[in-house]
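Structure data follow from work29.txt (compact mmCIF, C-alpha atoms):
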```txt
# COMPACT_ATOMS: atom_id res chain seq x y z
CA MET A 285 -123.37 129.74 -16.77
CA LEU A 286 -125.37 126.88 -18.30
CA GLU A 287 -123.01 124.40 -16.67
CA LEU A 288 -124.42 125.42 -13.33
CA ILE A 289 -127.86 123.95 -14.14
CA PRO A 290 -127.24 120.82 -12.03
CA LEU A 291 -126.21 123.10 -9.17
CA ALA A 292 -129.35 125.22 -9.61
CA LEU A 293 -131.50 122.07 -9.62
CA THR A 294 -129.82 120.79 -6.48
CA LEU A 295 -130.16 124.11 -4.67
CA LEU A 296 -133.84 124.32 -5.59
CA ALA A 297 -134.33 120.77 -4.37
CA GLY A 298 -132.40 121.63 -1.21
CA VAL A 299 -134.56 124.66 -0.45
CA GLY A 300 -137.73 122.70 -1.13
CA TYR A 301 -136.40 119.87 1.01
CA SER A 302 -135.65 122.16 3.96
CA LEU A 303 -139.09 123.76 3.76
CA ALA A 304 -140.79 120.37 3.61
CA TRP A 305 -138.71 119.07 6.51
CA TYR A 306 -139.62 122.08 8.59
CA ARG A 307 -143.31 121.61 7.73
CA LEU A 308 -143.20 117.92 8.64
CA ASP A 309 -141.41 118.68 11.87
CA ARG A 310 -144.02 121.29 12.81
CA ARG A 311 -146.71 118.66 12.38
CA GLY A 312 -144.86 116.50 14.88
CA HIS A 313 -143.66 113.82 12.43
CA ARG A 314 -140.18 112.38 12.53
CA TRP A 315 -137.88 112.66 9.56
CA PRO A 316 -134.45 111.03 10.02
CA THR A 317 -131.74 113.65 10.33
CA ARG A 318 -129.30 111.50 8.39
CA ARG A 319 -131.48 111.91 5.30
CA ALA A 320 -131.28 115.67 5.55
CA ALA A 321 -127.55 115.34 6.10
CA CYS A 322 -127.35 113.34 2.87
CA MET A 323 -129.18 116.08 0.99
CA LEU A 324 -126.65 118.57 2.34
CA ALA A 325 -123.70 116.34 1.45
CA GLY A 326 -125.02 115.76 -2.05
CA SER A 327 -125.52 119.47 -2.61
CA LEU A 328 -121.99 120.14 -1.39
CA CYS A 329 -120.59 117.59 -3.85
CA VAL A 330 -122.41 119.28 -6.72
CA GLY A 331 -121.27 122.67 -5.54
CA VAL A 332 -117.62 121.66 -5.22
CA ALA A 333 -117.73 120.05 -8.65
CA LEU A 334 -119.27 122.98 -10.51
CA LEU A 335 -117.74 125.97 -8.75
CA PRO A 336 -114.17 127.25 -8.56
CA PRO A 337 -111.54 126.04 -7.88
CA VAL A 338 -112.48 122.68 -9.40
CA ALA A 339 -114.52 124.12 -12.25
CA SER A 340 -111.95 126.73 -13.20
CA HIS A 341 -109.29 124.06 -13.73
CA ASP A 342 -111.37 121.46 -15.51
CA ASP A 343 -109.40 121.84 -18.72
CA ARG A 344 -106.93 119.52 -17.02
CA PHE A 345 -108.13 115.98 -17.44
CA GLU A 346 -107.45 114.83 -13.88
CA VAL A 347 -109.52 117.71 -12.52
CA HIS A 348 -112.27 116.78 -14.99
CA VAL A 349 -112.24 113.24 -13.60
CA VAL A 350 -112.58 114.55 -10.04
CA GLN A 351 -115.49 116.65 -11.26
CA HIS A 352 -117.05 113.57 -12.84
CA LEU A 353 -116.58 111.49 -9.69
CA LEU A 354 -118.23 114.16 -7.54
CA LEU A 355 -121.04 115.15 -9.89
CA ALA A 356 -122.02 111.82 -11.40
CA MET A 357 -121.17 109.35 -8.65
CA ALA A 358 -120.79 110.82 -5.16
CA ALA A 359 -123.57 113.42 -5.28
CA PRO A 360 -126.26 111.07 -6.69
CA VAL A 361 -125.49 108.50 -3.96
CA PHE A 362 -126.13 111.09 -1.25
CA LEU A 363 -129.18 112.51 -2.99
CA ALA A 364 -130.76 109.08 -3.43
CA LEU A 365 -130.30 108.37 0.28
CA SER A 366 -131.95 111.66 1.22
CA ALA A 367 -135.29 110.32 -0.11
CA PRO A 368 -136.61 113.63 -1.44
CA VAL A 369 -139.62 112.12 -3.19
CA THR A 370 -140.74 110.40 0.01
CA LEU A 371 -140.50 113.72 1.84
CA ALA A 372 -142.46 115.42 -0.91
CA LEU A 373 -145.18 112.80 -0.74
CA ARG A 374 -145.57 113.47 2.97
CA THR A 375 -145.80 117.23 2.77
CA VAL A 376 -147.45 118.33 -0.47
CA PRO A 377 -151.19 119.04 -0.66
CA LEU A 378 -153.50 116.13 -1.45
CA GLY A 379 -154.10 117.08 -5.08
CA VAL A 380 -150.38 117.33 -5.83
CA ARG A 381 -149.76 114.06 -4.03
CA ARG A 382 -152.28 112.26 -6.23
CA VAL A 383 -150.62 113.57 -9.37
CA LEU A 384 -147.19 112.66 -8.04
CA LEU A 385 -148.30 109.12 -7.12
CA ARG A 386 -149.91 108.57 -10.47
CA ALA A 387 -146.69 109.69 -12.14
CA LEU A 388 -144.55 107.48 -9.90
CA HIS A 389 -146.67 104.42 -10.67
CA SER A 390 -146.84 105.09 -14.39
CA SER A 391 -145.19 102.63 -16.76
CA ALA A 392 -143.01 105.38 -18.18
CA VAL A 393 -141.42 105.99 -14.80
CA GLY A 394 -141.23 102.24 -14.32
CA VAL A 395 -139.12 101.91 -17.44
CA LEU A 396 -137.03 104.95 -16.57
CA THR A 397 -136.18 103.73 -13.07
CA ALA A 398 -135.43 100.18 -14.14
CA PRO A 399 -131.80 99.26 -13.44
CA ALA A 400 -131.22 98.29 -17.09
CA THR A 401 -132.23 101.75 -18.29
CA ALA A 402 -130.03 103.50 -15.78
CA VAL A 403 -127.00 101.32 -16.55
CA THR A 404 -127.44 101.84 -20.30
CA LEU A 405 -127.79 105.62 -20.04
CA ASP A 406 -124.88 105.87 -17.64
CA LEU A 407 -122.41 103.65 -19.51
CA GLY A 408 -123.62 104.85 -22.90
CA GLY A 409 -122.95 108.42 -21.91
CA LEU A 410 -119.49 107.60 -20.55
CA TYR A 411 -118.36 105.56 -23.53
CA GLY A 412 -119.80 108.15 -25.90
CA LEU A 413 -118.05 111.00 -24.12
CA TYR A 414 -114.56 109.54 -23.96
CA LEU A 415 -114.37 107.36 -27.05
CA THR A 416 -115.77 109.83 -29.58
CA GLY A 417 -115.07 113.44 -30.41
CA LEU A 418 -117.67 114.52 -27.89
CA TYR A 419 -115.11 115.35 -25.20
CA ARG A 420 -113.23 117.70 -27.49
CA ALA A 421 -116.51 119.28 -28.62
CA ALA A 422 -117.51 119.82 -24.99
CA GLU A 423 -114.18 121.51 -24.30
CA ARG A 424 -114.85 123.98 -27.09
CA ASP A 425 -118.62 124.58 -26.91
CA SER A 426 -120.12 125.68 -23.61
CA LEU A 427 -123.61 124.48 -24.57
CA ILE A 428 -122.35 120.95 -25.22
CA HIS A 429 -120.28 121.17 -22.05
CA ALA A 430 -123.37 122.05 -20.03
CA ALA A 431 -125.39 119.28 -21.69
CA VAL A 432 -122.68 116.74 -20.87
CA HIS A 433 -122.63 117.83 -17.22
CA LEU A 434 -126.41 117.61 -17.01
CA HIS A 435 -126.50 114.15 -18.60
CA MET A 436 -123.79 112.81 -16.29
CA PHE A 437 -125.60 114.17 -13.25
CA LEU A 438 -129.05 112.89 -14.23
CA ALA A 439 -127.82 109.50 -15.43
CA GLY A 440 -125.87 109.12 -12.20
CA CYS A 441 -128.98 109.99 -10.21
CA LEU A 442 -131.05 107.42 -12.13
CA LEU A 443 -128.47 104.75 -11.39
CA SER A 444 -128.26 105.63 -7.70
CA TRP A 445 -132.04 105.64 -7.36
CA ALA A 446 -132.25 102.28 -9.12
CA VAL A 447 -129.58 100.65 -6.96
CA ILE A 448 -129.98 102.22 -3.49
CA GLY A 449 -133.02 104.49 -3.77
CA ILE A 450 -135.45 104.60 -0.85
CA ASP A 451 -138.20 106.49 -2.69
CA PRO A 452 -141.28 104.46 -3.63
CA ILE A 453 -141.78 103.14 -7.12
CA ARG A 454 -144.20 100.49 -8.25
CA ARG A 455 -141.84 97.54 -8.16
CA ARG A 456 -138.48 97.96 -6.49
CA PRO A 457 -135.88 95.49 -7.85
CA GLY A 458 -134.61 92.75 -5.55
CA THR A 459 -131.19 92.76 -3.96
CA GLY A 460 -129.79 90.36 -6.55
CA ALA A 461 -130.90 92.55 -9.45
CA ARG A 462 -129.47 95.64 -7.80
CA LEU A 463 -126.13 93.98 -7.14
CA ALA A 464 -126.03 92.69 -10.72
CA ALA A 465 -126.71 96.18 -12.05
CA LEU A 466 -123.98 97.54 -9.79
CA VAL A 467 -121.43 94.95 -10.99
CA ILE A 468 -122.25 95.65 -14.64
CA ALA A 469 -122.08 99.41 -14.21
CA ALA A 470 -118.87 99.22 -12.19
CA ALA A 471 -117.26 96.76 -14.59
CA GLY A 472 -118.21 98.94 -17.56
CA HIS A 473 -116.71 101.94 -15.78
CA ASP A 474 -113.48 100.09 -14.90
CA ILE A 475 -113.10 98.61 -18.39
CA LEU A 476 -113.50 102.07 -19.89
CA ALA A 477 -110.89 103.52 -17.54
CA LYS A 478 -108.33 100.91 -18.58
CA LEU A 479 -109.22 101.35 -22.23
CA MET A 480 -108.63 105.07 -21.89
CA TYR A 481 -105.30 104.35 -20.22
CA ALA A 482 -104.29 101.92 -22.96
CA TRP A 483 -105.35 104.03 -25.93
CA ILE A 484 -104.53 107.38 -24.30
CA LEU A 485 -108.02 108.80 -24.57
CA PRO A 486 -109.95 111.01 -24.69
CA ALA A 487 -108.89 113.00 -27.70
CA GLY A 488 -108.40 116.57 -26.59
CA GLY A 489 -107.62 115.56 -23.04
CA GLY A 490 -104.25 117.24 -22.88
CA PRO A 491 -100.82 115.60 -22.53
CA ALA A 492 -100.66 111.82 -22.56
CA ALA A 493 -99.40 111.62 -18.98
CA GLU A 494 -102.36 113.69 -17.82
CA ARG A 495 -104.84 111.49 -19.66
CA GLN A 496 -103.36 108.34 -18.16
CA ALA A 497 -103.30 109.80 -14.67
CA GLY A 498 -106.92 110.75 -15.11
CA ALA A 499 -107.80 107.25 -16.29
CA GLU A 500 -106.14 105.69 -13.24
CA LEU A 501 -107.96 108.13 -10.96
CA MET A 502 -111.21 107.22 -12.66
CA TYR A 503 -110.48 103.53 -12.05
CA TYR A 504 -109.66 103.82 -8.35
CA GLY A 505 -112.19 106.54 -7.54
CA GLY A 506 -114.86 104.52 -9.28
CA THR A 507 -113.88 101.43 -7.31
CA ALA A 508 -114.20 103.31 -4.02
CA ILE A 509 -117.71 104.50 -4.84
CA GLU A 510 -118.66 101.06 -6.14
CA VAL A 511 -117.63 99.45 -2.86
CA ALA A 512 -119.59 102.10 -0.94
CA LEU A 513 -122.66 101.33 -3.06
CA ALA A 514 -122.27 97.60 -2.44
CA VAL A 515 -122.08 98.25 1.30
CA ILE A 516 -125.23 100.37 1.14
CA VAL A 517 -127.15 97.77 -0.85
CA MET A 518 -126.14 94.99 1.53
CA THR A 519 -126.90 97.16 4.58
CA GLN A 520 -130.40 97.74 3.25
CA TRP A 521 -130.75 93.99 2.68
CA TYR A 522 -129.41 93.23 6.15
CA LEU A 523 -131.81 95.60 7.88
CA ALA A 524 -134.82 94.38 5.88
CA THR A 525 -134.07 90.69 6.52
CA GLY A 526 -133.42 91.57 10.17
CA ARG A 527 -136.91 93.02 10.46
CA ALA A 528 -138.39 89.92 8.80
CA LEU A 529 -136.37 87.70 11.12
CA ALA A 530 -137.58 89.61 14.18
CA ARG A 531 -141.17 89.20 12.99
CA ALA A 532 -140.68 85.46 12.46
CA ARG A 533 -139.10 85.08 15.89
CA ARG A 534 -142.00 86.91 17.51
CA ARG A 535 -144.36 84.51 15.76
CA VAL A 536 -142.48 81.45 17.00
CA ALA A 537 -142.40 82.85 20.53
CA ALA A 538 -146.19 83.36 20.70
CA PRO A 539 -147.66 80.98 18.13
CA ALA A 540 -151.39 80.61 18.76
CA GLU A 541 -152.74 84.15 18.67
CA THR A 542 -150.01 85.44 16.37
CA PHE A 543 -150.64 82.76 13.73
CA ALA A 544 -154.30 83.67 13.57
CA ALA A 545 -153.32 87.30 13.24
CA THR A 546 -150.76 86.66 10.50
CA ASP A 547 -153.20 84.38 8.64
CA ARG A 548 -155.68 87.21 8.63
CA GLU A 549 -152.90 89.59 7.64
CA HIS A 550 -151.81 87.32 4.77
CA SER A 551 -155.31 86.72 3.39
CA GLY A 552 -156.07 90.43 3.51
CA ARG A 553 -153.00 91.42 1.57
CA THR A 554 -153.25 91.59 -2.21
CA MET B 114 -145.60 62.42 15.34
CA THR B 115 -147.02 65.79 14.44
CA ILE B 116 -144.49 68.56 14.27
CA SER B 117 -145.90 71.86 15.45
CA ARG B 118 -145.87 74.74 13.02
CA PRO B 119 -143.36 76.77 14.99
CA ALA B 120 -141.00 73.82 15.24
CA ARG B 121 -141.31 73.11 11.55
CA ALA B 122 -140.66 76.73 10.71
CA ALA B 123 -137.67 76.80 13.03
CA GLY B 124 -136.29 73.59 11.57
CA HIS B 125 -136.68 74.98 8.08
CA MET B 126 -134.80 78.08 9.09
CA ALA B 127 -132.02 76.04 10.70
CA GLY B 128 -131.57 73.75 7.70
CA ARG B 129 -131.16 76.66 5.30
CA GLN B 130 -128.17 78.08 7.10
CA ILE B 131 -125.60 75.62 5.71
CA LYS B 132 -126.34 76.83 2.20
CA ARG B 133 -126.11 80.41 3.31
CA THR B 134 -122.88 79.70 5.21
CA ILE B 135 -121.33 78.20 2.12
CA TRP B 136 -122.46 81.07 -0.11
CA SER B 137 -121.02 83.50 2.38
CA GLY B 138 -117.70 81.65 2.41
CA VAL B 139 -117.39 81.40 -1.36
CA LEU B 140 -118.21 85.07 -1.91
CA ALA B 141 -115.93 86.19 0.90
CA GLY B 142 -113.17 83.95 -0.45
CA VAL B 143 -113.41 85.35 -3.97
CA GLY B 144 -113.56 88.84 -2.54
CA LEU B 145 -110.59 88.23 -0.28
CA ALA B 146 -108.48 86.97 -3.17
CA ALA B 147 -109.49 89.98 -5.26
CA PHE B 148 -108.73 92.33 -2.38
CA ILE B 149 -105.29 90.83 -1.70
CA ASP B 150 -104.52 90.92 -5.40
CA GLU B 151 -105.44 94.59 -5.53
CA THR B 152 -103.78 95.85 -2.37
CA VAL B 153 -100.73 93.61 -2.01
CA PHE B 154 -99.66 93.03 -5.57
CA HIS B 155 -100.83 96.20 -7.26
CA GLN B 156 -100.46 98.81 -4.57
CA LEU B 157 -97.91 97.69 -2.02
CA LEU B 158 -95.43 95.69 -4.03
CA HIS B 159 -96.09 97.38 -7.38
CA TRP B 160 -95.38 94.07 -8.99
CA HIS B 161 -98.54 94.03 -11.06
CA HIS B 162 -98.84 96.92 -13.42
CA PHE B 163 -102.01 98.87 -13.98
CA TYR B 164 -101.99 97.91 -17.62
CA ASP B 165 -99.74 95.70 -19.66
CA LYS B 166 -99.41 96.59 -23.32
CA SER B 167 -99.56 92.95 -24.31
CA THR B 168 -103.14 92.66 -23.06
CA LEU B 169 -105.81 91.63 -25.52
CA ALA B 170 -108.93 93.77 -25.59
CA VAL B 171 -110.98 90.86 -24.28
CA GLY B 172 -108.60 90.70 -21.32
CA LEU B 173 -109.70 94.16 -20.25
CA VAL B 174 -113.30 92.99 -20.16
CA SER B 175 -112.40 90.01 -18.01
CA ASP B 176 -110.30 92.22 -15.72
CA GLY B 177 -113.06 94.78 -15.28
CA LEU B 178 -115.70 92.15 -14.55
CA PHE B 179 -113.60 90.31 -12.02
CA HIS B 180 -112.42 93.52 -10.38
CA ALA B 181 -115.97 94.81 -9.96
CA GLY B 182 -117.42 91.40 -9.15
CA GLY B 183 -114.68 90.63 -6.66
CA PHE B 184 -115.30 93.61 -4.45
CA VAL B 185 -119.07 93.21 -4.54
CA ALA B 186 -118.58 89.53 -3.69
CA MET B 187 -116.49 90.43 -0.66
CA VAL B 188 -119.10 92.85 0.65
CA ALA B 189 -121.96 90.42 -0.01
CA GLY B 190 -120.05 87.53 1.58
CA LEU B 191 -119.34 89.46 4.78
CA PHE B 192 -122.94 90.62 5.15
CA LEU B 193 -124.15 87.07 4.56
CA LEU B 194 -121.77 85.95 7.28
CA ALA B 195 -123.24 88.50 9.68
CA ASP B 196 -126.72 87.28 8.80
CA THR B 197 -125.79 83.62 9.32
CA LEU B 198 -124.28 84.50 12.69
CA ARG B 199 -127.37 86.31 13.93
CA ARG B 200 -129.52 83.34 12.92
CA ASP B 201 -127.22 81.02 14.91
CA GLY B 202 -126.77 78.97 11.76
CA PHE B 203 -123.02 79.39 11.30
CA VAL B 204 -121.01 76.23 10.57
CA PRO B 205 -117.34 77.27 10.88
CA LYS B 206 -115.78 74.31 9.10
CA ARG B 207 -117.96 74.73 6.03
CA TRP B 208 -117.40 78.46 5.94
CA TRP B 209 -113.63 78.09 5.94
CA ALA B 210 -113.92 75.34 3.36
CA ALA B 211 -115.94 77.60 1.09
CA LEU B 212 -113.56 80.50 1.69
CA LEU B 213 -110.54 78.41 0.68
CA ALA B 214 -112.31 77.04 -2.38
CA GLY B 215 -113.51 80.48 -3.45
CA ALA B 216 -110.18 82.20 -2.93
CA GLY B 217 -108.27 79.34 -4.54
CA GLY B 218 -110.61 79.27 -7.50
CA PHE B 219 -110.24 83.00 -8.10
CA GLN B 220 -106.47 82.78 -7.76
CA LEU B 221 -106.30 79.88 -10.22
CA TYR B 222 -108.43 81.76 -12.72
CA ASP B 223 -106.26 84.83 -12.26
CA GLY B 224 -103.06 82.82 -12.57
CA LEU B 225 -104.02 80.80 -15.63
CA VAL B 226 -106.58 82.75 -17.61
CA GLN B 227 -105.88 86.37 -16.75
CA HIS B 228 -102.10 86.24 -16.49
CA LYS B 229 -101.35 83.70 -19.19
CA LEU B 230 -104.23 83.29 -21.59
CA LEU B 231 -105.39 86.88 -21.75
CA GLY B 232 -102.00 88.41 -20.96
CA LEU B 233 -103.57 90.93 -18.64
CA HIS B 234 -100.51 91.42 -16.54
CA GLN B 235 -97.75 89.22 -15.20
CA ILE B 236 -97.05 88.57 -11.56
CA ARG B 237 -93.79 90.44 -11.69
CA TYR B 238 -91.76 92.18 -14.34
CA HIS B 239 -88.06 92.27 -15.13
CA VAL B 240 -87.54 88.86 -13.52
CA ALA B 241 -87.88 85.26 -14.60
CA VAL B 242 -91.58 84.91 -14.01
CA TRP B 243 -92.01 81.12 -14.05
CA PRO B 244 -91.18 80.50 -10.34
CA TYR B 245 -93.79 83.09 -9.42
CA ASP B 246 -96.36 81.55 -11.75
CA LEU B 247 -95.66 78.10 -10.39
CA THR B 248 -96.00 79.21 -6.76
CA TRP B 249 -99.12 81.20 -7.51
CA ASN B 250 -100.98 78.44 -9.29
CA LEU B 251 -99.76 75.69 -7.00
CA THR B 252 -100.92 77.63 -3.94
CA ALA B 253 -104.27 78.15 -5.58
CA PHE B 254 -104.58 74.44 -6.31
CA VAL B 255 -103.67 73.51 -2.73
CA MET B 256 -106.30 75.93 -1.41
CA ILE B 257 -108.98 74.36 -3.60
CA VAL B 258 -108.05 70.86 -2.44
CA ALA B 259 -108.00 71.96 1.22
CA GLY B 260 -111.41 73.52 0.75
CA ALA B 261 -112.78 70.34 -0.80
CA VAL B 262 -111.41 68.25 2.09
CA LEU B 263 -112.96 70.50 4.72
CA MET B 264 -116.24 70.61 2.84
CA THR B 265 -116.69 66.86 2.79
CA GLY B 266 -115.40 66.19 6.30
CA ARG B 267 -117.65 65.90 9.33
CA ALA B 268 -118.92 69.11 10.78
CA GLY B 269 -121.04 69.99 13.80
CA VAL B 270 -124.75 70.33 13.15
CA ALA B 271 -125.82 73.93 12.60
CA ARG B 272 -126.88 75.27 15.94
CA SER B 273 -130.11 77.16 15.87
CA ALA B 274 -131.31 78.64 19.12
CA MET B 275 -134.90 78.39 17.98
CA PHE B 276 -134.57 74.76 17.07
CA ARG B 277 -132.93 73.84 20.32
CA SER B 278 -135.33 75.72 22.56
CA ASP B 279 -138.31 74.21 20.76
CA ALA B 280 -136.89 70.70 21.15
CA ASP B 281 -136.28 71.41 24.82
CA THR B 282 -139.81 72.59 25.44
CA ALA B 283 -141.29 69.80 23.29
CA ALA B 284 -139.61 67.16 25.43
```

What's the structure tokens form of this structure?
Amino acid sequence: MLELIPLALTLLAGVGYSLAWYRLDRRGHRWPTRRAACMLAGSLCVGVALLPPVASHDDRFEVHVVQHLLLAMAAPVFLALSAPVTLALRTVPLGVRRVLLRALHSSAVGVLTAPATAVTLDLGGLYGLYLTGLYRAAERDSLIHAAVHLHMFLAGCLLSWAVIGIDPIRRRPGTGARLAALVIAAAGHDILAKLMYAWILPAGGGPAAERQAGAELMYYGGTAIEVALAVIVMTQWYLATGRALARARRRVAAPAETFAATDREHSGRT
Amino acid sequence: MTISRPARAAGHMAGRQIKRTIWSGVLAGVGLAAFIDETVFHQLLHWHHFYDKSTLAVGLVSDGLFHAGGFVAMVAGLFLLADTLRRDGFVPKRWWAALLAGAGGFQLYDGLVQHKLLGLHQIRYHVAVWPYDLTWNLTAFVMIVAGAVLMTGRAGVARSAMFRSDADTAA
């Protein structure tokens, strides 16, 4: 039952999200439907990963890999795009919002949401799980199994938030840093997959053929999600530079008044 | 002659586009080579194997980095191309030059370092591999040379709508 903690978290978040969305809508504010759709899709990924039939067959290594791809890679991508923290900031009472903002701008959260932290936790967890006896221990002990699931889910969420997250943090990394983090994380993932194929790991993963099939699936599934992440990062870049370009073109089109306005705007900004 | 601020800004924007065009081409070229390697040789022809037992451990690191980097490069290159196009700063000759150089460079690295030095995988198994190696590396070399030729040849000036319209109205 403990393995279902990520599912419980996601369902709680989903319920809170729906309530907040309804509240925002009642006030007459717009909240993009695609974000809510992402929350739904992310929840579905977690559900499929942790419930039968996938969960009941996860003693087979290939099924475990599918579980890992859904829980630690696909779901976090959707959840990051649903921008739950932004929605919370818009709907919670003022006192809660202040606390939330102070937490978001704290240095602890700054360190936690840095791409380097996310990449380290993510890759560290993966290498630890498959190259040590941890996988076998997780197969035997349900508490360790649950802890592994939770770590994979949370580390995946951290990485998604760092690379494609929309929610506000004090200093969001630039596109170059996000792409670099993505390449390192993806490369680490792909290298591990081939290592597992070569050395027939993890120990306790069943017959050799199954382990190798799982490793190949990990490689190609990981590549697919990595490409999707790259597309999302570059789309965000493209839209942001497009907005800046439109602003610059408006300025060129109507120079005199607009320059005075933007000079004021620039001097006023910290 | 005083250049008005808008014209200077527009000229600055126009001048930058050649660099961006070239970056786009190089990244797209590397990505294209990686993509063709992956789909044609690994998947369709099954010539390359997923893993070759003669690979050194360091070869796996190189493979992973170039696999991941290659796909990200392709995505980044294509988005940069879209951006260059919407700024009217696209210089076709330079883009193709950069594409050829990037793809050729990746292919040469793959052919020499990954296939031979690191023993990651061979082009094809159960055959005499040297004709394949020769063709592979020679093609890569030709692509690099072609890219260099196109890069240094004459190309049309980057057309920037802003720049042109400003010059028109200035006159």

Taking into account only C-alpha atoms, which residue in the set A:Leu303, A:Ala514, A:Leu334, A:Ala499 is nearest to A:Pro368?
A:Leu303

Distance query B:Tyr245 at most 12 Å, all atoms listed in the file, self and fewer than 6 positions along chain excluded, as an mmCIF file with C-alpha atoms, in the coordinates of the input:
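result-v1.cif written:
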```cif
data_model
loop_
_atom_site.group_PDB
_atom_site.id
_atom_site.type_symbol
_atom_site.label_atom_id
_atom_site.label_comp_id
_atom_site.auth_asym_id
_atom_site.auth_seq_id
_atom_site.Cartn_x
_atom_site.Cartn_y
_atom_site.Cartn_z
ATOM 1 C CA TRP B 160 -95.380 94.070 -8.990
ATOM 2 C CA GLY B 224 -103.060 82.820 -12.570
ATOM 3 C CA HIS B 228 -102.100 86.240 -16.490
ATOM 4 C CA GLN B 235 -97.750 89.220 -15.200
ATOM 5 C CA ILE B 236 -97.050 88.570 -11.560
ATOM 6 C CA ARG B 237 -93.790 90.440 -11.690
ATOM 7 C CA TYR B 238 -91.760 92.180 -14.340
ATOM 8 C CA LEU B 251 -99.760 75.690 -7.000
ATOM 9 C CA THR B 252 -100.920 77.630 -3.940
#
```

Pick from A:Leu415, A:Val393, A:Ala530, A:Val511, whichever lies nearest to chain B using only C-alpha atoms:
A:Val511

Considering all atoms listed in the file, extract the chain B residues located within 7 Å of chain A and return them as a list in words.
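Going by the stated atoms only, the list reads Pro119, Leu173, Val174, Gly177, Leu178, Ala181, Gly182, Phe184, Val185, Val188, Ala189 and Phe192 of chain B.
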
Residue among B:Gly144, B:Val226, B:Leu194, B:Thr152 lying closest to B:Arg207, counting all atoms listed in the file:
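Ranked by minimum distance to B:Arg207, first place goes to B:Leu194.
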
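When all atoms listed in the file are used to measure the gap to B:Val258, the shortest distance among B:Gln130, B:Ala241, B:Gly215, B:His155 belongs to B:Gly215.
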
Figure out the distance between atom CA of B:Ala195 and atom CA of A:Ile453, please, to one decimal in Å.
29.0 Å

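When only C-alpha atoms are used to measure the gap to A:Val369, the shortest distance among A:Pro452, A:Arg310, A:Val347, A:Gly417 belongs to A:Pro452.
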
Kindly indicate which residue among A:Val338, A:Arg454, A:Ala439, A:Val361 lies nearest to A:Ser390, using all atoms listed in the file for the distances.
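Looking at the shortest contact to A:Ser390, the residue is A:Arg454.
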
State, in Å with one decimal place, the distance from atom CA of A:Ser444 to atom CA of A:Ala358.
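Computing the Euclidean distance for atom CA of A:Ser444 and atom CA of A:Ala358 yields 9.4 Å.
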
Spatial neighbours of stretch 418-429 of chain A, 12 Å, all atoms listed in the file, chain gap at least 2 places, as a PyMOL selection string:
chain A and resi 285-289+334+339+341-345+348+409-416+431-436+485-490

Could you work out how far atom CA of A:Arg314 lies from atom CA of A:Gly326, giving the answer in Å with one decimal?
21.3 Å

Please determine an axis-aligned box that encloses all atoms of stretch 249-266 of chain B listed in the file, with 4 Å added on each side, and express its centre and edge lengths in Å to one decimal as AutoDock Vina command-line options.
```
--center_x -107.9 --center_y 73.7 --center_z -1.5 --size_x 25.6 --size_y 23.0 --size_z 23.6
```

Neighbouring residues of A:Arg462 were defined as those with any atom within 9 Å, considering only C-alpha atoms; residues of the same chain fewer than 5 positions away were excluded. Please report them as an MDAnalysis selection string.
chainID A and resid 399 446:448 457 467 517

Would you put the residues from that selection into a file with C-alpha atoms, as a PDB file, in the frame of the given file?
```pdb
ATOM      1  CA  PRO A 399    -131.800  99.260 -13.440  1.00  0.00           C
ATOM      2  CA  ALA A 446    -132.250 102.280  -9.120  1.00  0.00           C
ATOM      3  CA  VAL A 447    -129.580 100.650  -6.960  1.00  0.00           C
ATOM      4  CA  ILE A 448    -129.980 102.220  -3.490  1.00  0.00           C
ATOM      5  CA  PRO A 457    -135.880  95.490  -7.850  1.00  0.00           C
ATOM      6  CA  VAL A 467    -121.430  94.950 -10.990  1.00  0.00           C
ATOM      7  CA  VAL A 517    -127.150  97.770  -0.850  1.00  0.00           C
TER       8      VAL A 517
END
```

Residue neighbourhood A:Ala398, 9 Å, all atoms listed in the file, exclusion window fewer than 2 positions, as an MDAnalysis selection string
chainID A and resid 393:396 400:403 442:443 446 456:457

Export, as a JSON list (two decimals), in the frame of the given file, the selected residues with C-alpha atoms.
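What landed in again.json:
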```
[["chain", "number", "residue", "atom", "x", "y", "z"],
["A", 393, "VAL", "CA", -141.42, 105.99, -14.80],
["A", 394, "GLY", "CA", -141.23, 102.24, -14.32],
["A", 395, "VAL", "CA", -139.12, 101.91, -17.44],
["A", 396, "LEU", "CA", -137.03, 104.95, -16.57],
["A", 400, "ALA", "CA", -131.22, 98.29, -17.09],
["A", 401, "THR", "CA", -132.23, 101.75, -18.29],
["A", 402, "ALA", "CA", -130.03, 103.50, -15.78],
["A", 403, "VAL", "CA", -127.00, 101.32, -16.55],
["A", 442, "LEU", "CA", -131.05, 107.42, -12.13],
["A", 443, "LEU", "CA", -128.47, 104.75, -11.39],
["A", 446, "ALA", "CA", -132.25, 102.28, -9.12],
["A", 456, "ARG", "CA", -138.48, 97.96, -6.49],
["A", 457, "PRO", "CA", -135.88, 95.49, -7.85]]
```
